[in-house]
Amino acid sequence: MKLTPVLSANWGDDKPWTLDGYGEYDAAKKALTTLDPDSIISMVKDSGLRGRGGAGFPTGSKWGFIPQGDGKPHYLVVNADESEPGTCKDMPLLLANPHVLLEGIVITCFAIRSNQAFVYIRGEVLHIVRRLQAAVAEAYDKGLLGKDIFGTGFDLDVVIHAGAGAYICGEETALLDSLEGYRGQPRLRPPFPAVAGLYASPTVINNVESIASVPAIIDRGVDWFKTMGSEKSPGFTLYSLSGHVTRPGQYEAPLGVTLRELLELAGGVREGHELKFWTPGGSSTPILTAEHLDSPLDYEGMTAAGSMLGTKALQIFDDTTCVVRAVLRWTEFYAHESCGKCTPCREGTYWMVQILERLEAGNADESDIDTLLDACENIMGRSFCALGDGATSPITSSVQYFRDEYVAHWERGGCPFDPAASTLFAAAGAMS
Amino acid sequence: MLSDETRERAKELIARYPKPRSALLPMLHLVQSDEGYVSPEGIALCAELLGLTKAEVSAVSTFYTMYKRKPVGDYHVGVCTNTLCAVMGGDAIYDALKEHTGITSQNGVTEDGKVSLEHIECNAACDFAPVVMVNWEFFDNQTPTSAKSLVDALQSGQPVKPSRGADSVCTWKEAERVLAGFYDGRADEGGAAGPASLEGLKLANERGDKA
């Protein structure tokens, strides 16, 4: 297995966040001066690029849904609200390399005939907001944004918009409500954003990494892109390894590598311990175990393994971690972040926390697991958006693989694990 | 009292969007940069300039965790206690800081008004766990000991440098002004990437791997 740094290739360079460090948007120049919008959409369709924000929807198809000649303004909204637990790829990308996103925005907006883009970035990342603001200002200054870009007559304005702390705004229609100045709550679909999105106008919403992948496709071509990954999941992507792994970090590789291969590169699971469970793409993707080490980390491979590729946020937990504690904490997260619009999610996540607290404390029994699974069944597919569905993933998958560990809690009347043993500083002896 | 400058800045924000109400989130950040929290006066200003009721503005501001109903400290410390950071030591760090500062409630403030404390959700830095944020700058791979020293430095006014961020931490109000959309000229401070961000690239270079 070969690593394929593209988006991360310049992260070690001198000031890659400036135009001097990044370059003069050669791919955007090629797109705007030698290609027409429809052929760009075709190229991105042909490349097979799929959305890197979790759902894996084909990016070119999404662009193709935008009605043309409708006389309405079109908008591009970049989803930089990276908040899915475990997910940590877009923030380092934007810290080091904000211009690759802006160049992707120029190409995308030209293709979908949009003159206005918004980057909705989570608010809790001050320096990354600064880097984006500075990159936008520099691009305007050099004529790479604004009026008559590359002398083509194409105008584009970009606004950097900081959110204010709400995981739900990563859901695309909640993001639109938030960007319109409302509480971030999902909208009923249809109409889909491609028809009636921001200000009821046709809108494309793409993840940071999806848009940032576009310049390389334009620059190096569809065939090159498809030399990486699999037929249905082509290309390169950022895999983020975190937790009990020797060298956590960002590993840019072809889609379809396995966790075994990535762990080998990252020095394996923390010394002296074994892999217990892991998430392929954040907390909303069902957990997997060591038996899935050889499953391809692509959209099809993860579905076949009973999970989802999600955001490729590989959170690694070793044998010191209590799965009940982990799942309780994730459930508290979903309860906190549920926007409250749909009853099953709002009420269900609240009650699941209550039950899991009892389970972790050892004050529960078999019937509580049944109630928990019953609650999951009543949330799954019964809310507007995927937050509720996501909340059930850690619970149902952990009961599937680690039911005995739930039982051990009430048999012992408490948690069998020492939380100190799972910390980063346990190994270094800093706890003593 | 909200300054005249804040009122002017709010109008600037409104002008950036195709529809005025889109400026509401930035305007609430702006209010915080002046008042230190979303004050009743700030809510009234947003309502007045956007043609909304104060109830409509409050309904929005109370939805979002970053908008505070009471003033926080000059340095707002967030400890990630979502699952991965919690397991890696975030819970121990949060407990240590509660004891060290005497702060017992979410968003509570030290008596001198310098430091406030919040347990936060995932801040997209999991490869640097456990993570602590100060005024939304990253402090990576923390321990209870390092986090207590950090808070001591903040309280005594010593300069503090984030792991990945500007050369020093600005005040919470200054941070909120940037988040409102007013750039402070500090993007060139700090490095491009932390060590974990570069692991894959380093290995690719060693092995001669290319896309």
# chains A, B, ... in the order shown; residues from 1 in each chain; ligands from 1
call {"tool": "select_by_dssp", "arguments": {"residues": "region 324-381 of chain A", "states": "alpha helix (DSSP H)", "output": "VMD selection string"}}
result
chain A and resid 324 to 337 343 to 361 366 to 379
call {"tool": "select_by_dssp", "arguments": {"residues": "region 219-432 of chain A", "states": "strand (DSSP E)", "output": "list in words"}}
result
Phe236, Thr237, Leu238, Tyr239, Ser240, Leu241, Ser242, Gly243, Gly249, Gln250, Tyr251, Glu252, Ala253, Pro254, Leu275, Lys276, Phe277, Trp278, Thr279, Ala313, Leu314, Gln315, Ile316, Phe317 and Asp318 of chain A
call {"tool": "write_last_selection", "arguments": {"atoms": "N, CA, C and O atoms", "output": "tab-separated table (two decimals), in the first residue's frame"}}
result
chain	number	residue	atom	x	y	z
A	236	PHE	N	-8.06	9.58	-3.76
A	236	PHE	CA	-7.30	9.69	-2.52
A	236	PHE	C	-8.20	10.27	-1.44
A	236	PHE	O	-9.20	10.93	-1.77
A	237	THR	N	-7.83	10.09	-0.19
A	237	THR	CA	-8.60	10.71	0.88
A	237	THR	C	-7.77	10.79	2.14
A	237	THR	O	-6.76	10.08	2.28
A	238	LEU	N	-8.21	11.66	3.06
A	238	LEU	CA	-7.52	11.79	4.35
A	238	LEU	C	-8.13	10.81	5.35
A	238	LEU	O	-9.32	10.88	5.64
A	239	TYR	N	-7.32	9.90	5.85
A	239	TYR	CA	-7.71	9.03	6.96
A	239	TYR	C	-7.11	9.62	8.23
A	239	TYR	O	-5.93	9.92	8.28
A	240	SER	N	-7.95	9.76	9.26
A	240	SER	CA	-7.50	10.36	10.52
A	240	SER	C	-7.45	9.30	11.60
A	240	SER	O	-8.49	8.79	12.00
A	241	LEU	N	-6.26	8.97	12.05
A	241	LEU	CA	-6.12	7.97	13.12
A	241	LEU	C	-5.96	8.67	14.46
A	241	LEU	O	-5.12	9.56	14.60
A	242	SER	N	-6.78	8.26	15.43
A	242	SER	CA	-6.66	8.87	16.76
A	242	SER	C	-6.85	7.81	17.82
A	242	SER	O	-7.31	6.71	17.54
A	243	GLY	N	-6.49	8.18	19.04
A	243	GLY	CA	-6.69	7.27	20.17
A	243	GLY	C	-5.47	6.43	20.48
A	243	GLY	O	-4.34	6.91	20.41
A	249	GLY	N	-2.56	10.50	13.66
A	249	GLY	CA	-2.36	11.59	12.71
A	249	GLY	C	-3.14	11.42	11.43
A	249	GLY	O	-4.06	10.59	11.34
A	250	GLN	N	-2.77	12.25	10.45
A	250	GLN	CA	-3.45	12.26	9.15
A	250	GLN	C	-2.64	11.43	8.16
A	250	GLN	O	-1.45	11.67	7.99
A	251	TYR	N	-3.30	10.48	7.52
A	251	TYR	CA	-2.64	9.63	6.53
A	251	TYR	C	-3.46	9.70	5.25
A	251	TYR	O	-4.58	9.19	5.20
A	252	GLU	N	-2.90	10.33	4.22
A	252	GLU	CA	-3.62	10.48	2.97
A	252	GLU	C	-3.28	9.28	2.08
A	252	GLU	O	-2.12	9.06	1.72
A	253	ALA	N	-4.31	8.53	1.73
A	253	ALA	CA	-4.10	7.25	1.06
A	253	ALA	C	-5.25	7.00	0.08
A	253	ALA	O	-6.27	7.69	0.11
A	254	PRO	N	-5.09	6.01	-0.80
A	254	PRO	CA	-6.19	5.69	-1.70
A	254	PRO	C	-7.37	5.11	-0.93
A	254	PRO	O	-7.17	4.40	0.07
A	275	LEU	N	-6.07	-4.07	20.09
A	275	LEU	CA	-7.24	-3.36	19.57
A	275	LEU	C	-8.50	-3.98	20.16
A	275	LEU	O	-8.68	-5.19	20.14
A	276	LYS	N	-9.38	-3.12	20.67
A	276	LYS	CA	-10.65	-3.62	21.19
A	276	LYS	C	-11.79	-3.23	20.25
A	276	LYS	O	-12.51	-4.08	19.76
A	277	PHE	N	-11.98	-1.94	20.01
A	277	PHE	CA	-13.01	-1.53	19.06
A	277	PHE	C	-12.57	-0.23	18.39
A	277	PHE	O	-11.66	0.46	18.87
A	278	TRP	N	-13.22	0.08	17.28
A	278	TRP	CA	-12.84	1.28	16.51
A	278	TRP	C	-14.03	1.77	15.72
A	278	TRP	O	-14.99	1.03	15.49
A	279	THR	N	-13.99	3.04	15.36
A	279	THR	CA	-15.03	3.59	14.47
A	279	THR	C	-14.37	3.85	13.12
A	279	THR	O	-13.26	4.37	13.06
A	313	ALA	N	-12.84	8.85	10.11
A	313	ALA	CA	-12.28	9.20	11.41
A	313	ALA	C	-12.11	7.91	12.19
A	313	ALA	O	-13.05	7.41	12.79
A	314	LEU	N	-10.89	7.38	12.15
A	314	LEU	CA	-10.61	6.08	12.75
A	314	LEU	C	-10.20	6.28	14.20
A	314	LEU	O	-9.04	6.60	14.49
A	315	GLN	N	-11.16	6.13	15.08
A	315	GLN	CA	-10.88	6.27	16.51
A	315	GLN	C	-10.56	4.88	17.05
A	315	GLN	O	-11.40	3.98	16.98
A	316	ILE	N	-9.35	4.73	17.58
A	316	ILE	CA	-8.87	3.41	17.99
A	316	ILE	C	-8.91	3.31	19.51
A	316	ILE	O	-8.34	4.16	20.21
A	317	PHE	N	-9.59	2.29	20.00
A	317	PHE	CA	-9.67	2.08	21.45
A	317	PHE	C	-9.06	0.72	21.79
A	317	PHE	O	-9.43	-0.30	21.17
A	318	ASP	N	-8.17	0.69	22.77
A	318	ASP	CA	-7.54	-0.58	23.14
A	318	ASP	C	-8.26	-1.25	24.31
A	318	ASP	O	-9.31	-0.77	24.78
call {"tool": "interface_residues", "arguments": {"of": "chain A", "to": "chain B", "cutoff": "6 Å", "atoms": "only C-alpha atoms", "output": "ChimeraX atom specification"}}
result
/A:2-5,85-88,96,124-127,130-131,162,164-166,179-183,242,248-251,326,329,422-424
call {"tool": "closest_residue", "arguments": {"among": "A:Glu377, A:Glu411, A:Asp319, A:Asp26", "to": "Ala364 (chain A)", "atoms": "only C-alpha atoms"}}
result
A:Glu411
call {"tool": "closest_residue", "arguments": {"among": "A:Val119, A:Leu76, A:Leu288, A:Val214", "to": "Ser397 (chain A)", "atoms": "only C-alpha atoms"}}
result
A:Leu288
call {"tool": "atom_distance", "arguments": {"atom1": "CA of Ala391 (chain A)", "atom2": "CA of Ile211 (chain A)"}}
result
27.6 Å
call {"tool": "residues_around", "arguments": {"residues": "Gly157 (chain B)", "least_positions_apart": "6", "cutoff": "12 Å", "atoms": "only C-alpha atoms", "output": "ChimeraX atom specification"}}
result
/B:74-75,112,114-115,150-151,168-171
call {"tool": "residues_around", "arguments": {"residues": "Glu347 (chain A)", "least_positions_apart": "6", "cutoff": "12 Å", "atoms": "only C-alpha atoms", "output": "number ranges by chain"}}
result
A: 334-336, 338-341, 353-354, 375-376, 378-379, 383, 388
call {"tool": "write_last_selection", "arguments": {"atoms": "N, CA, C and O atoms", "output": "compact mmCIF listing (two decimals), in the first residue's frame"}}
result
# COMPACT_ATOMS: atom_id res chain seq x y z
N TYR A 334 -24.99 13.16 21.81
CA TYR A 334 -26.17 13.27 20.92
C TYR A 334 -27.34 13.94 21.65
O TYR A 334 -28.09 14.71 21.05
N ALA A 335 -27.49 13.64 22.93
CA ALA A 335 -28.58 14.27 23.68
C ALA A 335 -28.36 15.79 23.74
O ALA A 335 -29.30 16.57 23.58
N HIS A 336 -27.10 16.19 23.96
CA HIS A 336 -26.79 17.62 24.03
C HIS A 336 -27.01 18.30 22.69
O HIS A 336 -27.45 19.45 22.61
N SER A 338 -28.88 17.17 20.01
CA SER A 338 -30.18 17.02 19.35
C SER A 338 -30.85 18.39 19.30
O SER A 338 -30.93 19.09 20.31
N CYS A 339 -31.31 18.77 18.12
CA CYS A 339 -31.83 20.14 17.98
C CYS A 339 -33.21 20.29 18.59
O CYS A 339 -33.69 21.40 18.79
N GLY A 340 -33.88 19.16 18.86
CA GLY A 340 -35.18 19.22 19.52
C GLY A 340 -36.37 19.23 18.60
O GLY A 340 -37.51 19.25 19.04
N LYS A 341 -36.11 19.22 17.29
CA LYS A 341 -37.22 19.33 16.35
C LYS A 341 -38.09 18.07 16.35
O LYS A 341 -39.31 18.15 16.37
N VAL A 353 -29.58 8.21 27.66
CA VAL A 353 -28.53 8.61 28.60
C VAL A 353 -28.86 8.09 30.01
O VAL A 353 -28.00 7.54 30.71
N GLN A 354 -30.13 8.25 30.40
CA GLN A 354 -30.52 7.79 31.75
C GLN A 354 -30.25 6.30 31.93
O GLN A 354 -29.74 5.85 32.95
N ALA A 375 -35.59 1.61 22.37
CA ALA A 375 -35.54 3.06 22.12
C ALA A 375 -34.82 3.34 20.81
O ALA A 375 -35.26 4.18 20.01
N CYS A 376 -33.73 2.60 20.57
CA CYS A 376 -32.99 2.78 19.31
C CYS A 376 -33.90 2.51 18.11
O CYS A 376 -33.90 3.25 17.12
N ASN A 378 -37.01 2.85 17.92
CA ASN A 378 -38.01 3.90 17.77
C ASN A 378 -37.44 5.23 17.29
O ASN A 378 -38.19 6.12 16.90
N ILE A 379 -36.11 5.37 17.35
CA ILE A 379 -35.47 6.59 16.83
C ILE A 379 -35.07 6.39 15.38
O ILE A 379 -35.27 7.26 14.53
N SER A 383 -36.79 10.30 12.38
CA SER A 383 -36.54 11.72 12.55
C SER A 383 -36.15 12.33 11.21
O SER A 383 -35.83 11.62 10.28
N GLY A 388 -30.39 11.49 14.75
CA GLY A 388 -31.04 10.45 15.55
C GLY A 388 -30.55 9.06 15.17
O GLY A 388 -30.24 8.24 16.05
call {"tool": "residues_around", "arguments": {"residues": "Phe150 (chain A)", "least_positions_apart": "6", "cutoff": "9 Å", "atoms": "only C-alpha atoms", "output": "list in words"}}
result
Ala28, Lys29, Leu32, Thr33, Gly143 and Leu144 of chain A
call {"tool": "write_last_selection", "arguments": {"atoms": "N, CA, C and O atoms", "output": "JSON list (two decimals), in the first residue's frame"}}
result
[["chain", "number", "residue", "atom", "x", "y", "z"],
["A", 28, "ALA", "N", -7.54, 26.31, -11.45],
["A", 28, "ALA", "CA", -8.71, 27.17, -11.67],
["A", 28, "ALA", "C", -8.55, 27.93, -12.98],
["A", 28, "ALA", "O", -9.51, 28.09, -13.74],
["A", 29, "LYS", "N", -7.32, 28.36, -13.26],
["A", 29, "LYS", "CA", -7.06, 29.08, -14.51],
["A", 29, "LYS", "C", -7.36, 28.17, -15.70],
["A", 29, "LYS", "O", -8.02, 28.57, -16.67],
["A", 32, "LEU", "N", -11.22, 27.73, -15.95],
["A", 32, "LEU", "CA", -11.99, 28.90, -16.40],
["A", 32, "LEU", "C", -11.63, 29.33, -17.82],
["A", 32, "LEU", "O", -12.47, 29.91, -18.53],
["A", 33, "THR", "N", -10.38, 29.08, -18.23],
["A", 33, "THR", "CA", -9.96, 29.59, -19.54],
["A", 33, "THR", "C", -10.00, 28.54, -20.64],
["A", 33, "THR", "O", -10.02, 28.89, -21.82],
["A", 143, "GLY", "N", -6.75, 39.12, -7.49],
["A", 143, "GLY", "CA", -7.72, 38.95, -8.57],
["A", 143, "GLY", "C", -8.18, 37.51, -8.78],
["A", 143, "GLY", "O", -8.78, 37.19, -9.81],
["A", 144, "LEU", "N", -7.91, 36.65, -7.82],
["A", 144, "LEU", "CA", -8.33, 35.24, -7.93],
["A", 144, "LEU", "C", -9.76, 35.05, -7.41],
["A", 144, "LEU", "O", -10.37, 34.01, -7.60]]
call {"tool": "atom_distance", "arguments": {"atom1": "CA of Leu175 (chain A)", "atom2": "CA of Trp63 (chain A)"}}
result
18.2 Å
call {"tool": "residues_around", "arguments": {"residues": "Ser33 (chain B)", "least_positions_apart": "2", "cutoff": "7 Å", "atoms": "only C-alpha atoms", "output": "list in words"}}
result
His29, Leu30, Val31, Glu35, Gly36, Lys173, Glu174, Glu176 and Arg177 of chain B
call {"tool": "atom_distance", "arguments": {"atom1": "CA of Gly381 (chain A)", "atom2": "CA of Gly348 (chain A)"}}
result
12.7 Å
call {"tool": "closest_residue", "arguments": {"among": "A:Leu259, A:Val77, A:Ala27, A:Ala426", "to": "Ala216 (chain A)", "atoms": "only C-alpha atoms"}}
result
A:Ala27
call {"tool": "decode", "arguments": {"residues": "region 76-203 of chain B", "atoms": "C-alpha atoms", "output": "PDB file, in the first residue's frame"}}
result
ATOM      1  CA  HIS B  76     -12.230  30.729  28.409  1.00  0.00           C
ATOM      2  CA  VAL B  77     -10.844  27.231  28.881  1.00  0.00           C
ATOM      3  CA  GLY B  78     -12.578  24.337  27.158  1.00  0.00           C
ATOM      4  CA  VAL B  79     -11.681  20.757  27.971  1.00  0.00           C
ATOM      5  CA  CYS B  80     -12.802  18.178  25.440  1.00  0.00           C
ATOM      6  CA  THR B  81     -14.652  15.417  27.244  1.00  0.00           C
ATOM      7  CA  ASN B  82     -16.200  13.751  24.237  1.00  0.00           C
ATOM      8  CA  THR B  83     -15.436  10.029  24.200  1.00  0.00           C
ATOM      9  CA  LEU B  84     -11.996   9.872  22.639  1.00  0.00           C
ATOM     10  CA  CYS B  85     -10.486  12.792  24.541  1.00  0.00           C
ATOM     11  CA  ALA B  86     -12.253  11.697  27.740  1.00  0.00           C
ATOM     12  CA  VAL B  87     -10.737   8.230  27.485  1.00  0.00           C
ATOM     13  CA  MET B  88      -7.304   9.617  26.613  1.00  0.00           C
ATOM     14  CA  GLY B  89      -7.353  11.812  29.722  1.00  0.00           C
ATOM     15  CA  GLY B  90      -9.854  14.620  29.165  1.00  0.00           C
ATOM     16  CA  ASP B  91     -11.997  13.542  32.115  1.00  0.00           C
ATOM     17  CA  ALA B  92      -8.968  13.589  34.416  1.00  0.00           C
ATOM     18  CA  ILE B  93      -7.925  17.000  33.078  1.00  0.00           C
ATOM     19  CA  TYR B  94     -11.417  18.447  33.539  1.00  0.00           C
ATOM     20  CA  ASP B  95     -11.620  17.100  37.106  1.00  0.00           C
ATOM     21  CA  ALA B  96      -8.175  18.495  37.880  1.00  0.00           C
ATOM     22  CA  LEU B  97      -9.090  21.934  36.547  1.00  0.00           C
ATOM     23  CA  LYS B  98     -12.372  22.031  38.467  1.00  0.00           C
ATOM     24  CA  GLU B  99     -10.492  21.317  41.664  1.00  0.00           C
ATOM     25  CA  HIS B 100      -7.632  23.677  40.798  1.00  0.00           C
ATOM     26  CA  THR B 101      -9.842  26.655  39.911  1.00  0.00           C
ATOM     27  CA  GLY B 102     -12.711  25.979  42.300  1.00  0.00           C
ATOM     28  CA  ILE B 103     -15.112  26.284  39.370  1.00  0.00           C
ATOM     29  CA  THR B 104     -17.983  23.853  39.780  1.00  0.00           C
ATOM     30  CA  SER B 105     -20.465  24.801  37.076  1.00  0.00           C
ATOM     31  CA  GLN B 106     -20.366  24.780  33.275  1.00  0.00           C
ATOM     32  CA  ASN B 107     -19.014  28.176  32.099  1.00  0.00           C
ATOM     33  CA  GLY B 108     -18.214  29.148  35.691  1.00  0.00           C
ATOM     34  CA  VAL B 109     -15.642  31.900  36.253  1.00  0.00           C
ATOM     35  CA  THR B 110     -12.810  32.323  38.765  1.00  0.00           C
ATOM     36  CA  GLU B 111     -13.294  35.078  41.347  1.00  0.00           C
ATOM     37  CA  ASP B 112     -10.763  37.336  39.632  1.00  0.00           C
ATOM     38  CA  GLY B 113     -12.718  37.040  36.376  1.00  0.00           C
ATOM     39  CA  LYS B 114      -9.669  35.788  34.509  1.00  0.00           C
ATOM     40  CA  VAL B 115     -10.567  32.185  33.721  1.00  0.00           C
ATOM     41  CA  SER B 116     -13.763  30.334  32.957  1.00  0.00           C
ATOM     42  CA  LEU B 117     -14.163  26.612  32.400  1.00  0.00           C
ATOM     43  CA  GLU B 118     -16.356  24.554  30.118  1.00  0.00           C
ATOM     44  CA  HIS B 119     -16.367  20.913  29.136  1.00  0.00           C
ATOM     45  CA  ILE B 120     -16.685  20.947  25.382  1.00  0.00           C
ATOM     46  CA  GLU B 121     -17.606  18.522  22.637  1.00  0.00           C
ATOM     47  CA  CYS B 122     -15.267  17.213  19.957  1.00  0.00           C
ATOM     48  CA  ASN B 123     -13.109  20.074  18.649  1.00  0.00           C
ATOM     49  CA  ALA B 124     -11.728  18.301  15.554  1.00  0.00           C
ATOM     50  CA  ALA B 125      -8.249  17.646  16.929  1.00  0.00           C
ATOM     51  CA  CYS B 126      -8.609  13.994  17.955  1.00  0.00           C
ATOM     52  CA  ASP B 127      -5.126  13.047  16.737  1.00  0.00           C
ATOM     53  CA  PHE B 128      -3.824  15.459  19.400  1.00  0.00           C
ATOM     54  CA  ALA B 129      -5.976  14.090  22.249  1.00  0.00           C
ATOM     55  CA  PRO B 130      -6.477  15.029  24.972  1.00  0.00           C
ATOM     56  CA  VAL B 131      -7.212  18.552  23.793  1.00  0.00           C
ATOM     57  CA  VAL B 132      -7.762  21.780  25.733  1.00  0.00           C
ATOM     58  CA  MET B 133      -8.886  25.002  24.051  1.00  0.00           C
ATOM     59  CA  VAL B 134      -8.214  28.515  25.346  1.00  0.00           C
ATOM     60  CA  ASN B 135     -10.299  31.161  23.596  1.00  0.00           C
ATOM     61  CA  TRP B 136     -10.643  28.612  20.772  1.00  0.00           C
ATOM     62  CA  GLU B 137      -6.907  28.105  20.246  1.00  0.00           C
ATOM     63  CA  PHE B 138      -5.522  24.559  20.383  1.00  0.00           C
ATOM     64  CA  PHE B 139      -3.497  23.172  23.274  1.00  0.00           C
ATOM     65  CA  ASP B 140      -2.657  19.639  22.229  1.00  0.00           C
ATOM     66  CA  ASN B 141      -1.741  16.468  24.133  1.00  0.00           C
ATOM     67  CA  GLN B 142      -2.470  17.905  27.558  1.00  0.00           C
ATOM     68  CA  THR B 143      -2.082  16.287  30.981  1.00  0.00           C
ATOM     69  CA  PRO B 144      -3.665  17.353  34.277  1.00  0.00           C
ATOM     70  CA  THR B 145      -0.317  18.887  35.246  1.00  0.00           C
ATOM     71  CA  SER B 146       0.179  20.816  32.009  1.00  0.00           C
ATOM     72  CA  ALA B 147      -3.409  22.049  32.043  1.00  0.00           C
ATOM     73  CA  LYS B 148      -3.072  23.348  35.623  1.00  0.00           C
ATOM     74  CA  SER B 149       0.136  25.181  34.690  1.00  0.00           C
ATOM     75  CA  LEU B 150      -1.672  26.642  31.692  1.00  0.00           C
ATOM     76  CA  VAL B 151      -4.467  27.989  33.876  1.00  0.00           C
ATOM     77  CA  ASP B 152      -1.940  29.370  36.387  1.00  0.00           C
ATOM     78  CA  ALA B 153      -0.172  31.235  33.591  1.00  0.00           C
ATOM     79  CA  LEU B 154      -3.459  32.642  32.296  1.00  0.00           C
ATOM     80  CA  GLN B 155      -4.477  33.824  35.763  1.00  0.00           C
ATOM     81  CA  SER B 156      -1.139  35.484  36.466  1.00  0.00           C
ATOM     82  CA  GLY B 157      -1.057  37.232  33.099  1.00  0.00           C
ATOM     83  CA  GLN B 158       1.961  35.393  31.674  1.00  0.00           C
ATOM     84  CA  PRO B 159       2.003  34.991  27.888  1.00  0.00           C
ATOM     85  CA  VAL B 160       0.664  31.662  26.714  1.00  0.00           C
ATOM     86  CA  LYS B 161       1.409  30.077  23.324  1.00  0.00           C
ATOM     87  CA  PRO B 162      -0.995  27.604  21.715  1.00  0.00           C
ATOM     88  CA  SER B 163       0.314  24.347  20.225  1.00  0.00           C
ATOM     89  CA  ARG B 164      -1.188  25.228  16.859  1.00  0.00           C
ATOM     90  CA  GLY B 165      -2.304  28.817  16.550  1.00  0.00           C
ATOM     91  CA  ALA B 166      -1.156  32.384  16.988  1.00  0.00           C
ATOM     92  CA  ASP B 167       2.045  33.200  18.915  1.00  0.00           C
ATOM     93  CA  SER B 168      -0.016  34.155  21.943  1.00  0.00           C
ATOM     94  CA  VAL B 169      -3.588  33.783  23.108  1.00  0.00           C
ATOM     95  CA  CYS B 170      -5.735  36.880  22.679  1.00  0.00           C
ATOM     96  CA  THR B 171      -8.571  37.709  25.061  1.00  0.00           C
ATOM     97  CA  TRP B 172     -11.978  36.105  24.667  1.00  0.00           C
ATOM     98  CA  LYS B 173     -13.485  39.355  23.448  1.00  0.00           C
ATOM     99  CA  GLU B 174     -10.742  39.752  20.836  1.00  0.00           C
ATOM    100  CA  ALA B 175     -11.353  36.190  19.666  1.00  0.00           C
ATOM    101  CA  GLU B 176     -15.083  36.846  19.335  1.00  0.00           C
ATOM    102  CA  ARG B 177     -14.366  39.868  17.157  1.00  0.00           C
ATOM    103  CA  VAL B 178     -12.434  37.668  14.714  1.00  0.00           C
ATOM    104  CA  LEU B 179     -15.241  35.103  14.735  1.00  0.00           C
ATOM    105  CA  ALA B 180     -17.716  37.887  14.001  1.00  0.00           C
ATOM    106  CA  GLY B 181     -15.789  38.375  10.772  1.00  0.00           C
ATOM    107  CA  PHE B 182     -13.217  41.067  11.536  1.00  0.00           C
ATOM    108  CA  TYR B 183      -9.744  39.767  10.773  1.00  0.00           C
ATOM    109  CA  ASP B 184      -7.044  40.731  13.270  1.00  0.00           C
ATOM    110  CA  GLY B 185      -4.008  40.362  10.996  1.00  0.00           C
ATOM    111  CA  ARG B 186      -2.524  37.396  12.863  1.00  0.00           C
ATOM    112  CA  ALA B 187      -2.879  34.544  10.329  1.00  0.00           C
ATOM    113  CA  ASP B 188       0.861  34.425   9.598  1.00  0.00           C
ATOM    114  CA  GLU B 189       1.685  33.632  13.214  1.00  0.00           C
ATOM    115  CA  GLY B 190       2.366  30.013  14.135  1.00  0.00           C
ATOM    116  CA  GLY B 191       3.159  27.003  11.994  1.00  0.00           C
ATOM    117  CA  ALA B 192       1.326  25.147   9.285  1.00  0.00           C
ATOM    118  CA  ALA B 193       0.718  21.866  11.045  1.00  0.00           C
ATOM    119  CA  GLY B 194       1.271  20.005  14.286  1.00  0.00           C
ATOM    120  CA  PRO B 195       3.377  16.830  14.445  1.00  0.00           C
ATOM    121  CA  ALA B 196       0.414  14.438  14.164  1.00  0.00           C
ATOM    122  CA  SER B 197      -0.895  16.261  11.084  1.00  0.00           C
ATOM    123  CA  LEU B 198       2.443  15.561   9.373  1.00  0.00           C
ATOM    124  CA  GLU B 199       2.834  11.844  10.273  1.00  0.00           C
ATOM    125  CA  GLY B 200       1.454  10.536   6.988  1.00  0.00           C
ATOM    126  CA  LEU B 201       3.318  13.058   4.850  1.00  0.00           C
ATOM    127  CA  LYS B 202       6.598  12.351   6.655  1.00  0.00           C
ATOM    128  CA  LEU B 203       6.199   8.644   6.066  1.00  0.00           C
TER     129      LEU B 203
END
